[in-house]
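Engineer: Next comes the structure file query_23.cif, holding mmCIF, C-alpha atoms.
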```
data_input
#
loop_
_atom_site.label_atom_id
_atom_site.label_comp_id
_atom_site.auth_asym_id
_atom_site.auth_seq_id
_atom_site.Cartn_x
_atom_site.Cartn_y
_atom_site.Cartn_z
CA MET I 312 13.33 -0.36 25.89
CA ASN I 313 13.58 3.24 24.84
CA LYS I 314 10.60 5.42 24.04
CA ASN I 315 10.82 4.85 20.30
CA THR I 316 10.74 1.09 20.58
CA LYS I 317 7.83 1.30 23.01
CA ILE I 318 5.75 3.36 20.60
CA ASN I 319 6.55 0.96 17.74
CA ALA I 320 5.58 -2.02 19.87
CA LEU I 321 2.37 -0.30 20.92
CA LEU I 322 1.46 0.30 17.24
CA LEU I 323 1.91 -3.41 16.52
CA VAL I 324 -0.19 -4.38 19.55
CA VAL I 325 -3.06 -2.13 18.42
CA VAL I 326 -2.94 -3.61 14.89
CA ALA I 327 -2.97 -7.13 16.32
CA ALA I 328 -5.87 -6.23 18.62
CA LEU I 329 -7.87 -4.82 15.69
CA ALA I 330 -7.41 -8.12 13.86
CA VAL I 331 -8.13 -10.39 16.82
CA LEU I 332 -11.09 -8.55 18.37
CA PRO I 333 -13.63 -9.43 15.64
CA LEU I 334 -12.71 -13.09 16.14
CA ALA I 335 -12.68 -12.93 19.94
CA LEU I 336 -16.02 -11.14 20.04
CA GLY I 337 -17.48 -13.71 17.69
CA LEU I 338 -18.70 -11.10 15.22
CA GLY I 339 -18.90 -13.71 12.46
CA ASP I 340 -21.25 -15.96 14.44
CA GLY I 341 -24.46 -14.93 12.74
CA GLU I 342 -23.07 -15.50 9.25
CA LYS I 343 -23.60 -18.59 7.15
CA GLU I 344 -19.89 -18.75 6.53
CA PRO I 345 -18.09 -16.65 9.14
CA PHE I 346 -15.11 -14.60 7.99
CA THR I 347 -15.22 -15.32 4.29
CA GLY I 348 -13.49 -12.92 1.97
CA ALA I 349 -15.30 -9.70 1.03
CA ASP I 350 -14.31 -10.41 -2.58
CA ALA I 351 -16.26 -13.67 -2.53
CA GLN I 352 -19.24 -11.94 -0.88
CA ALA I 353 -19.26 -9.43 -3.73
CA GLU I 354 -19.46 -12.31 -6.21
CA THR I 355 -22.47 -13.67 -4.32
CA ALA I 356 -24.08 -10.22 -4.30
CA ILE I 357 -23.59 -9.98 -8.07
CA THR I 358 -25.36 -13.29 -8.65
CA GLU I 359 -28.18 -12.11 -6.33
CA ILE I 360 -28.66 -8.89 -8.28
CA ASP I 361 -28.28 -10.51 -11.69
CA PRO I 362 -28.91 -14.28 -11.42
CA ASP I 363 -28.29 -14.71 -15.16
CA TYR I 364 -24.79 -13.24 -15.08
CA GLU I 365 -22.16 -15.68 -16.19
CA PRO I 366 -18.48 -14.77 -15.77
CA TRP I 367 -17.24 -14.59 -19.36
CA PHE I 368 -13.59 -15.27 -18.65
CA SER I 369 -11.90 -17.61 -16.22
CA PRO I 370 -8.46 -17.33 -14.66
CA LEU I 371 -5.62 -18.65 -16.81
CA TYR I 372 -4.18 -20.43 -13.79
CA GLU I 373 -6.07 -21.39 -10.68
CA PRO I 374 -4.34 -22.87 -7.63
CA PRO I 375 -5.62 -26.47 -7.55
CA SER I 376 -6.37 -26.42 -3.80
CA GLY I 377 -6.79 -24.11 -0.83
CA GLU I 378 -3.42 -25.26 0.49
CA ILE I 379 -1.60 -24.24 -2.65
CA GLU I 380 -3.45 -20.95 -2.73
CA SER I 381 -2.44 -20.20 0.85
CA ALA I 382 1.13 -21.20 0.02
CA LEU I 383 1.18 -18.66 -2.80
CA PHE I 384 -0.28 -15.99 -0.51
CA ALA I 385 2.39 -16.81 2.05
CA LEU I 386 4.99 -16.56 -0.71
CA GLN I 387 3.70 -13.12 -1.63
CA ALA I 388 3.90 -11.93 1.98
CA ALA I 389 7.31 -13.54 2.47
CA LEU I 390 8.73 -11.88 -0.65
CA GLY I 391 7.52 -8.51 0.56
CA ALA I 392 8.68 -9.02 4.14
CA GLY I 393 12.07 -10.25 2.90
CA VAL I 394 12.68 -7.15 0.80
CA LEU I 395 11.56 -4.87 3.65
CA ALA I 396 13.83 -6.65 6.12
CA TYR I 397 16.75 -6.45 3.67
CA TYR I 398 16.17 -2.72 3.29
CA PHE I 399 16.08 -1.95 7.01
CA GLY I 400 18.97 -4.31 7.77
CA LEU I 401 21.12 -2.73 5.08
CA ARG I 402 20.33 0.77 6.34
CA ARG I 403 21.15 -0.14 9.90
CA GLY I 404 24.42 -1.77 8.88
CA ARG I 405 25.44 1.20 6.78
CA ARG I 406 24.68 3.61 9.58
CA GLN I 407 26.68 1.57 12.06
CA GLY I 408 29.54 1.38 9.57
CA GLU I 409 29.49 5.14 9.15
CA LEU I 410 29.45 5.69 12.91
CA ARG I 411 32.40 3.34 13.33
CA ALA I 412 34.28 5.05 10.53
CA THR I 413 33.81 8.52 12.03
CA ALA I 414 34.72 7.21 15.47
CA GLY I 415 37.86 5.66 13.98
CA GLN I 416 38.78 8.89 12.27
CA GLU I 417 38.42 10.81 15.52
CA ARG I 418 40.67 8.35 17.30
CA ARG I 419 43.24 8.61 14.56
CA GLY I 420 43.00 12.37 14.67
CA ALA I 421 43.74 12.30 18.40
CA GLY I 422 46.63 9.83 18.11
CA GLY I 423 48.53 11.87 15.49
CA GLY I 424 48.50 11.49 11.71
CA ALA I 425 51.61 9.30 11.28
CA GLU I 426 49.90 5.91 11.44
CA GLU I 427 46.92 6.95 9.36
CA PRO I 428 47.82 5.28 6.04
CA THR I 429 48.28 1.83 7.59
CA VAL I 430 45.01 2.08 9.48
CA ARG I 431 43.17 2.99 6.33
CA LYS I 432 44.66 0.00 4.51
CA ALA I 433 43.46 -2.32 7.27
CA MET F 585 -11.31 -5.08 -3.48
CA HIS F 586 -10.36 -7.53 -6.18
CA ILE F 587 -13.16 -7.86 -8.68
CA ALA F 588 -12.93 -11.50 -9.73
CA GLU F 589 -11.97 -12.61 -13.22
CA GLY F 590 -14.85 -12.27 -15.68
CA PHE F 591 -17.10 -10.51 -13.17
CA LEU F 592 -17.27 -7.22 -15.05
CA PRO F 593 -19.21 -7.08 -18.33
CA PRO F 594 -16.81 -6.67 -21.29
CA ALA F 595 -17.77 -3.03 -21.95
CA HIS F 596 -17.01 -2.08 -18.33
CA ALA F 597 -13.80 -4.10 -18.29
CA ILE F 598 -12.55 -2.34 -21.43
CA ALA F 599 -13.62 1.11 -20.22
CA TRP F 600 -11.73 0.76 -16.91
CA GLY F 601 -8.72 -0.59 -18.78
CA VAL F 602 -8.73 2.43 -21.08
CA ALA F 603 -9.12 4.76 -18.09
CA SER F 604 -6.21 3.16 -16.23
CA ALA F 605 -3.72 2.75 -19.08
CA PRO F 606 -2.51 6.38 -19.31
CA PHE F 607 -1.88 6.52 -15.56
CA VAL F 608 0.20 3.36 -15.68
CA VAL F 609 2.16 4.52 -18.76
CA HIS F 610 2.82 7.88 -17.09
CA GLY F 611 3.82 5.97 -13.94
CA VAL F 612 6.33 3.83 -15.81
CA ARG F 613 7.89 7.00 -17.19
CA SER F 614 8.08 8.62 -13.73
CA LEU F 615 9.53 5.43 -12.29
CA SER F 616 12.29 5.11 -14.87
CA ARG F 617 13.10 8.81 -14.52
CA GLU F 618 13.32 8.47 -10.73
CA VAL F 619 15.63 5.46 -11.04
CA ARG F 620 17.80 7.22 -13.64
CA GLU F 621 18.12 10.50 -11.79
CA ASN F 622 18.29 9.13 -8.26
CA PRO F 623 19.73 5.61 -8.41
CA GLU F 624 19.89 5.65 -4.59
CA SER F 625 16.06 5.62 -4.63
CA THR F 626 15.97 2.10 -6.03
CA LEU F 627 16.19 0.42 -2.65
CA LEU F 628 13.44 2.51 -1.11
CA LEU F 629 11.30 1.95 -4.22
CA GLY F 630 11.75 -1.76 -3.69
CA ALA F 631 10.77 -1.39 -0.05
CA SER F 632 7.60 0.53 -0.98
CA GLY F 633 6.60 -2.15 -3.47
CA ALA F 634 7.39 -4.79 -0.86
CA PHE F 635 5.11 -3.07 1.66
CA THR F 636 2.22 -3.29 -0.84
CA PHE F 637 3.07 -6.94 -1.44
CA VAL F 638 2.93 -7.81 2.25
CA LEU F 639 -0.18 -5.82 3.09
CA SER F 640 -2.26 -6.97 0.14
CA ALA F 641 -1.46 -10.59 1.00
CA LEU F 642 -2.77 -10.24 4.56
CA LYS F 643 -6.43 -11.07 4.84
CA ILE F 644 -7.60 -9.74 8.16
CA PRO F 645 -10.93 -10.35 9.92
CA SER F 646 -13.15 -7.33 10.37
CA VAL F 647 -16.13 -6.23 12.46
CA THR F 648 -18.60 -7.24 9.75
CA GLY F 649 -17.69 -10.91 10.23
CA SER F 650 -15.87 -11.12 6.92
CA CYS F 651 -12.25 -10.81 5.87
CA SER F 652 -10.53 -8.29 3.67
CA HIS F 653 -7.02 -7.01 3.10
CA PRO F 654 -5.27 -3.66 3.24
CA THR F 655 -3.63 -2.24 0.11
CA GLY F 656 -0.36 -0.74 1.33
CA THR F 657 -0.37 1.92 -1.38
CA GLY F 658 -0.38 4.98 0.90
CA LEU F 659 3.27 4.64 1.91
CA GLY F 660 4.66 4.62 -1.63
CA ALA F 661 2.34 7.44 -2.68
CA ILE F 662 3.57 9.64 0.18
CA LEU F 663 7.22 8.79 -0.49
CA PHE F 664 7.36 8.80 -4.30
CA ARG F 665 4.11 10.47 -5.39
CA PRO F 666 1.13 8.59 -6.84
CA PRO F 667 2.26 7.96 -10.46
CA ILE F 668 5.01 5.62 -9.30
CA MET F 669 2.55 3.82 -7.05
CA ALA F 670 0.38 3.17 -10.11
CA VAL F 671 3.17 0.94 -11.39
CA LEU F 672 3.97 -0.79 -8.10
CA GLY F 673 0.27 -1.43 -7.45
CA THR F 674 -0.21 -2.83 -10.95
CA ILE F 675 2.69 -5.24 -10.44
CA THR F 676 1.10 -6.49 -7.22
CA LEU F 677 -2.30 -6.91 -8.88
CA LEU F 678 -0.74 -8.77 -11.82
CA PHE F 679 1.04 -11.16 -9.46
CA GLN F 680 -2.24 -11.93 -7.71
CA ALA F 681 -4.22 -12.21 -10.95
CA LEU F 682 -1.74 -14.58 -12.61
CA LEU F 683 -0.64 -16.79 -9.72
CA LEU F 684 -3.44 -16.64 -7.16
CA ALA F 685 -6.55 -16.39 -9.38
CA HIS F 686 -7.27 -13.38 -7.17
CA GLY F 687 -8.63 -10.52 -9.23
CA GLY F 688 -8.12 -11.15 -12.93
CA LEU F 689 -6.80 -10.01 -16.27
CA THR F 690 -10.18 -8.83 -17.57
CA THR F 691 -10.80 -6.90 -14.34
CA LEU F 692 -7.20 -5.70 -14.04
CA GLY F 693 -8.08 -2.26 -15.42
CA ALA F 694 -10.83 -1.74 -12.84
CA ASN F 695 -8.70 -3.08 -9.98
CA VAL F 696 -5.73 -0.95 -11.04
CA PHE F 697 -8.02 2.08 -11.17
CA SER F 698 -9.19 1.60 -7.58
CA MET F 699 -6.04 0.32 -5.87
CA ALA F 700 -3.18 1.78 -7.88
CA ILE F 701 -4.65 5.10 -9.05
CA VAL F 702 -7.51 6.47 -6.92
CA GLY F 703 -6.17 5.10 -3.62
CA PRO F 704 -2.66 6.56 -3.95
CA TRP F 705 -3.93 9.90 -5.29
CA ALA F 706 -6.56 10.29 -2.56
CA GLY F 707 -4.08 9.31 0.16
CA TYR F 708 -1.40 11.61 -1.21
CA ALA F 709 -3.86 14.51 -1.48
CA VAL F 710 -4.93 14.09 2.15
CA PHE F 711 -1.32 13.81 3.31
CA ARG F 712 -0.29 16.99 1.46
CA LEU F 713 -3.38 18.88 2.57
CA LEU F 714 -2.78 18.04 6.24
CA ARG F 715 0.90 18.98 5.94
CA ARG F 716 -0.09 22.26 4.39
CA TYR F 717 -1.84 23.10 7.64
CA ASP F 718 1.21 21.97 9.62
CA VAL F 719 -0.42 18.82 10.98
CA PRO F 720 2.32 16.64 12.59
CA LEU F 721 4.01 14.31 10.11
CA MET F 722 2.84 11.02 11.61
CA VAL F 723 -0.78 12.17 11.92
CA ALA F 724 -0.73 13.15 8.25
CA VAL F 725 0.85 9.79 7.35
CA PHE F 726 -1.86 7.94 9.27
CA PHE F 727 -4.72 9.73 7.52
CA GLY F 728 -2.99 9.52 4.14
CA ALA F 729 -2.71 5.73 4.40
CA PHE F 730 -6.21 5.42 5.92
CA VAL F 731 -7.78 7.33 3.03
CA ALA F 732 -5.72 5.50 0.38
CA ASP F 733 -7.03 2.20 1.74
CA LEU F 734 -10.65 3.15 2.26
CA SER F 735 -11.08 5.11 -0.99
CA THR F 736 -9.86 2.06 -2.93
CA TYR F 737 -12.74 -0.01 -1.57
CA CYS F 738 -15.26 2.78 -2.16
CA VAL F 739 -14.21 2.90 -5.80
CA THR F 740 -14.60 -0.87 -6.09
CA SER F 741 -18.14 -0.54 -4.70
CA VAL F 742 -18.95 2.15 -7.27
CA GLN F 743 -17.47 0.05 -10.09
CA LEU F 744 -19.61 -2.94 -9.18
CA ALA F 745 -22.74 -0.86 -8.65
CA LEU F 746 -22.26 0.70 -12.10
CA ALA F 747 -21.93 -2.73 -13.67
CA PHE F 748 -24.73 -4.35 -11.66
CA PRO F 749 -27.42 -1.81 -10.72
CA ASP F 750 -30.10 -3.32 -8.52
CA PRO F 751 -33.20 -4.29 -10.58
CA SER F 752 -35.55 -2.47 -8.17
CA SER F 753 -33.47 0.22 -6.44
CA GLY F 754 -31.00 0.87 -9.28
CA PHE F 755 -27.49 2.23 -8.86
CA PRO F 756 -27.96 3.65 -5.31
CA GLY F 757 -29.36 0.37 -4.03
CA ALA F 758 -26.50 -1.63 -5.51
CA LEU F 759 -24.00 0.91 -4.18
CA GLY F 760 -25.42 0.40 -0.70
CA LYS F 761 -25.13 -3.34 -1.08
CA PHE F 762 -21.55 -3.40 -2.37
CA GLY F 763 -20.59 -0.56 -0.03
CA SER F 764 -21.73 -2.55 3.00
CA ILE F 765 -19.68 -5.52 1.80
CA PHE F 766 -16.51 -3.60 1.00
CA ALA F 767 -16.38 -0.15 2.56
CA VAL F 768 -17.76 -0.96 6.03
CA THR F 769 -15.57 -4.06 6.35
CA GLN F 770 -12.62 -1.93 5.38
CA ILE F 771 -12.86 0.75 8.07
CA PRO F 772 -10.98 -1.13 10.83
CA LEU F 773 -8.53 -2.47 8.24
CA ALA F 774 -7.86 1.05 7.03
CA VAL F 775 -7.07 1.99 10.64
CA SER F 776 -4.65 -0.96 10.80
CA GLU F 777 -3.06 0.09 7.54
CA GLY F 778 -2.70 3.65 8.82
CA LEU F 779 -0.96 2.42 11.99
CA LEU F 780 1.35 0.06 10.07
CA THR F 781 2.27 2.84 7.64
CA VAL F 782 3.07 5.10 10.60
CA LEU F 783 5.26 2.31 12.01
CA VAL F 784 7.20 1.92 8.77
CA MET F 785 7.49 5.68 8.37
CA ARG F 786 8.89 5.94 11.92
CA LEU F 787 11.49 3.31 11.05
CA LEU F 788 12.30 5.17 7.84
CA VAL F 789 12.73 8.46 9.70
CA GLN F 790 15.27 6.71 11.92
CA SER F 791 17.10 4.88 9.17
CA SER F 792 16.75 6.93 5.99
CA LYS F 793 16.37 10.56 6.97
CA GLY F 794 18.49 11.65 4.01
CA ASP F 795 16.24 9.94 1.46
CA LEU F 796 13.05 11.28 3.03
CA THR F 797 14.44 14.80 3.02
CA ARG F 798 15.44 14.52 -0.63
CA LEU F 799 11.95 13.23 -1.49
CA GLY F 800 10.37 16.17 0.33
CA VAL F 801 8.38 14.06 2.80
CA PHE F 802 9.12 16.41 5.69
CA LEU F 803 8.09 19.57 3.87
CA THR F 804 5.28 21.63 5.32
CA ARG F 805 3.80 24.55 3.46
CA LYS F 806 6.14 27.12 4.92
CA GLN F 807 9.21 25.02 4.25
CA ALA F 808 8.09 24.19 0.74
CA ARG F 809 7.79 27.89 0.04
CA THR F 810 11.23 28.84 1.35
CA GLU F 811 12.73 25.87 -0.48
CA LYS F 812 11.14 27.02 -3.72
CA ALA F 813 12.42 30.55 -3.17
CA GLU F 814 15.90 29.17 -2.52
CA THR F 815 15.98 27.05 -5.67
CA GLU F 816 14.73 30.01 -7.66
CA ALA F 817 17.42 32.19 -6.15
CA VAL F 818 20.03 29.60 -7.04
CA ALA F 819 18.66 29.36 -10.57
CA ARG F 820 18.99 33.10 -10.94
#
```
Could you write out this file's structure as structure tokens?
Structural biologist:
Amino acid sequence: MNKNTKINALLLVVVAALAVLPLALGLGDGEKEPFTGADAQAETAITEIDPDYEPWFSPLYEPPSGEIESALFALQAALGAGVLAYYFGLRRGRRQGELRATAGQERRGAGGGAEEPTVRKA
Amino acid sequence: MHIAEGFLPPAHAIAWGVASAPFVVHGVRSLSREVRENPESTLLLGASGAFTFVLSALKIPSVTGSCSHPTGTGLGAILFRPPIMAVLGTITLLFQALLLAHGGLTTLGANVFSMAIVGPWAGYAVFRLLRRYDVPLMVAVFFGAFVADLSTYCVTSVQLALAFPDPSSGFPGALGKFGSIFAVTQIPLAVSEGLLTVLVMRLLVQSSKGDLTRLGVFLTRKQARTEKAETEAVAR
């Protein structure tokens, strides 16, 4: 592993640790419902402050179950990850192609120009 | 930071929508100009939008014993400037509002204001400011993304406190309440987002140096000045 890869791996480890530590340390233990979403907690806080408040509009489409909701969240993450992976893969491939092309040119340059047209066709 | 559907009184919902609309319209213009003038940007634009998609889908546990998600808007703001991020962030929020019942159409204006406008602008401002004082690139990227993430949740807290002031302690009391739900939870997540943005930026520096140079990501104050002088000289 070179230094660059090591630093990248270290960054990922720290991010993973930040996510796992609250769970490992049991920081949600005192809560009624540990590790609920902050968005849902805000809804509860609103009804505490203003018990009469009624949401005046409801979502046009609501995932019928938690499973389907998590599937759609996974879809969102997968779409994003797919595009990111495509981008970095494409870049890497292009760079390798360029390197190979320049290396090929240098070889051709060293071996004399006579065979150049055929090489280019191939 | 998603304010749920119907959870802002109509007057507030409309006001935030009116406040956000010009930013998004301006963003659409900047985006189409960028694509027209630099078609080679399209891929990187897609990647920036994709980063927001991934990060805002990840709900991560935090020290407060609740879960929240990063926003992923700092990266695109640093690369393409905030107006373009207003569009990419709005697309992400629309996806979640329509398919996931997460956020909502009536609260879209408020959510766009926090995640797609204030977050990117605050992150971008911090990034530029740090670069102006020649802070190393990756340190500036970290704090840019950190601030973009955290400021988004602070704005959400303010939006809710404005709409629902506490009956006894008023706006400050409600701000404390919503702030402890959103902003405190968000601190470790903002650190995670900063680190992930640094990771992606490191990969981009390796793979797309040409694009980053063209977009001016590497510029510090001194370089920006000489560059400006050069373009002026060329223009003359």
Engineer: What are the residues of chain I that have an atom within 6 Å of an atom of chain F, counting all atoms listed in the file, as a ChimeraX atom specification?
Structural biologist: /I:326,330,333,338-339,345-349,360,366-370,373,384,388,391,395,402
Engineer: In Å, with one decimal, what is the gap from atom CA of His610 of chain F to atom CA of Met669 of chain F?
Structural biologist: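 Pair atom CA of His610 of chain F / atom CA of Met669 of chain F returns 10.8 Å.
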Engineer: Take the PyMOL selection byres ((chain F and resi 717-720) around 12), apply it to the structure above, and return the hits as a VMD selection string.
Structural biologist: chain F and resid 710 to 716 721 to 728 782 801 to 808
Engineer: Could you please determine the separation between atom CA of Met699 of chain F and atom CA of Leu746 of chain F in Å, to one decimal place?
Structural biologist: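 So the answer is 17.4 Å.
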Engineer: Quick check, in Å to one decimal: how far apart do atom CA of Val331 of chain I and atom CA of Ala396 of chain I lie?
Structural biologist: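 So the answer is 24.7 Å.
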Engineer: Could you rebuild segment 641-655 of chain F with N, CA and C atoms and give it back as a PDB file, in the coordinates of the input?
Structural biologist:
```pdb
ATOM      1  N   ALA F 641      -1.366  -9.137   0.821  1.00  0.00           N
ATOM      2  CA  ALA F 641      -1.460 -10.590   1.000  1.00  0.00           C
ATOM      3  C   ALA F 641      -2.124 -10.950   2.331  1.00  0.00           C
ATOM      4  N   LEU F 642      -2.247  -9.960   3.220  1.00  0.00           N
ATOM      5  CA  LEU F 642      -2.770 -10.240   4.560  1.00  0.00           C
ATOM      6  C   LEU F 642      -4.275 -10.076   4.597  1.00  0.00           C
ATOM      7  N   LYS F 643      -4.977 -11.187   4.702  1.00  0.00           N
ATOM      8  CA  LYS F 643      -6.430 -11.070   4.840  1.00  0.00           C
ATOM      9  C   LYS F 643      -6.753 -11.058   6.334  1.00  0.00           C
ATOM     10  N   ILE F 644      -7.408  -9.985   6.735  1.00  0.00           N
ATOM     11  CA  ILE F 644      -7.600  -9.740   8.160  1.00  0.00           C
ATOM     12  C   ILE F 644      -9.091  -9.725   8.467  1.00  0.00           C
ATOM     13  N   PRO F 645      -9.513 -10.378   9.564  1.00  0.00           N
ATOM     14  CA  PRO F 645     -10.930 -10.350   9.920  1.00  0.00           C
ATOM     15  C   PRO F 645     -11.382  -8.943  10.334  1.00  0.00           C
ATOM     16  N   SER F 646     -12.638  -8.661  10.060  1.00  0.00           N
ATOM     17  CA  SER F 646     -13.150  -7.330  10.370  1.00  0.00           C
ATOM     18  C   SER F 646     -14.458  -7.422  11.146  1.00  0.00           C
ATOM     19  N   VAL F 647     -14.938  -6.273  11.602  1.00  0.00           N
ATOM     20  CA  VAL F 647     -16.130  -6.230  12.460  1.00  0.00           C
ATOM     21  C   VAL F 647     -17.389  -6.752  11.781  1.00  0.00           C
ATOM     22  N   THR F 648     -17.399  -6.781  10.445  1.00  0.00           N
ATOM     23  CA  THR F 648     -18.600  -7.240   9.750  1.00  0.00           C
ATOM     24  C   THR F 648     -18.679  -8.764   9.679  1.00  0.00           C
ATOM     25  N   GLY F 649     -17.684  -9.459  10.273  1.00  0.00           N
ATOM     26  CA  GLY F 649     -17.690 -10.910  10.230  1.00  0.00           C
ATOM     27  C   GLY F 649     -17.184 -11.455   8.910  1.00  0.00           C
ATOM     28  N   SER F 650     -16.514 -10.611   8.131  1.00  0.00           N
ATOM     29  CA  SER F 650     -15.870 -11.120   6.920  1.00  0.00           C
ATOM     30  C   SER F 650     -14.414 -10.667   6.924  1.00  0.00           C
ATOM     31  N   CYS F 651     -13.673 -11.121   5.929  1.00  0.00           N
ATOM     32  CA  CYS F 651     -12.250 -10.810   5.870  1.00  0.00           C
ATOM     33  C   CYS F 651     -11.950  -9.946   4.656  1.00  0.00           C
ATOM     34  N   SER F 652     -10.975  -9.058   4.816  1.00  0.00           N
ATOM     35  CA  SER F 652     -10.530  -8.290   3.670  1.00  0.00           C
ATOM     36  C   SER F 652      -9.056  -7.979   3.893  1.00  0.00           C
ATOM     37  N   HIS F 653      -8.452  -7.290   2.933  1.00  0.00           N
ATOM     38  CA  HIS F 653      -7.020  -7.010   3.100  1.00  0.00           C
ATOM     39  C   HIS F 653      -6.725  -5.553   2.839  1.00  0.00           C
ATOM     40  N   PRO F 654      -5.686  -5.030   3.505  1.00  0.00           N
ATOM     41  CA  PRO F 654      -5.270  -3.660   3.240  1.00  0.00           C
ATOM     42  C   PRO F 654      -4.603  -3.576   1.861  1.00  0.00           C
ATOM     43  N   THR F 655      -4.237  -2.368   1.435  1.00  0.00           N
ATOM     44  CA  THR F 655      -3.630  -2.240   0.110  1.00  0.00           C
ATOM     45  C   THR F 655      -2.157  -1.852   0.169  1.00  0.00           C
TER      46      THR F 655
END
```
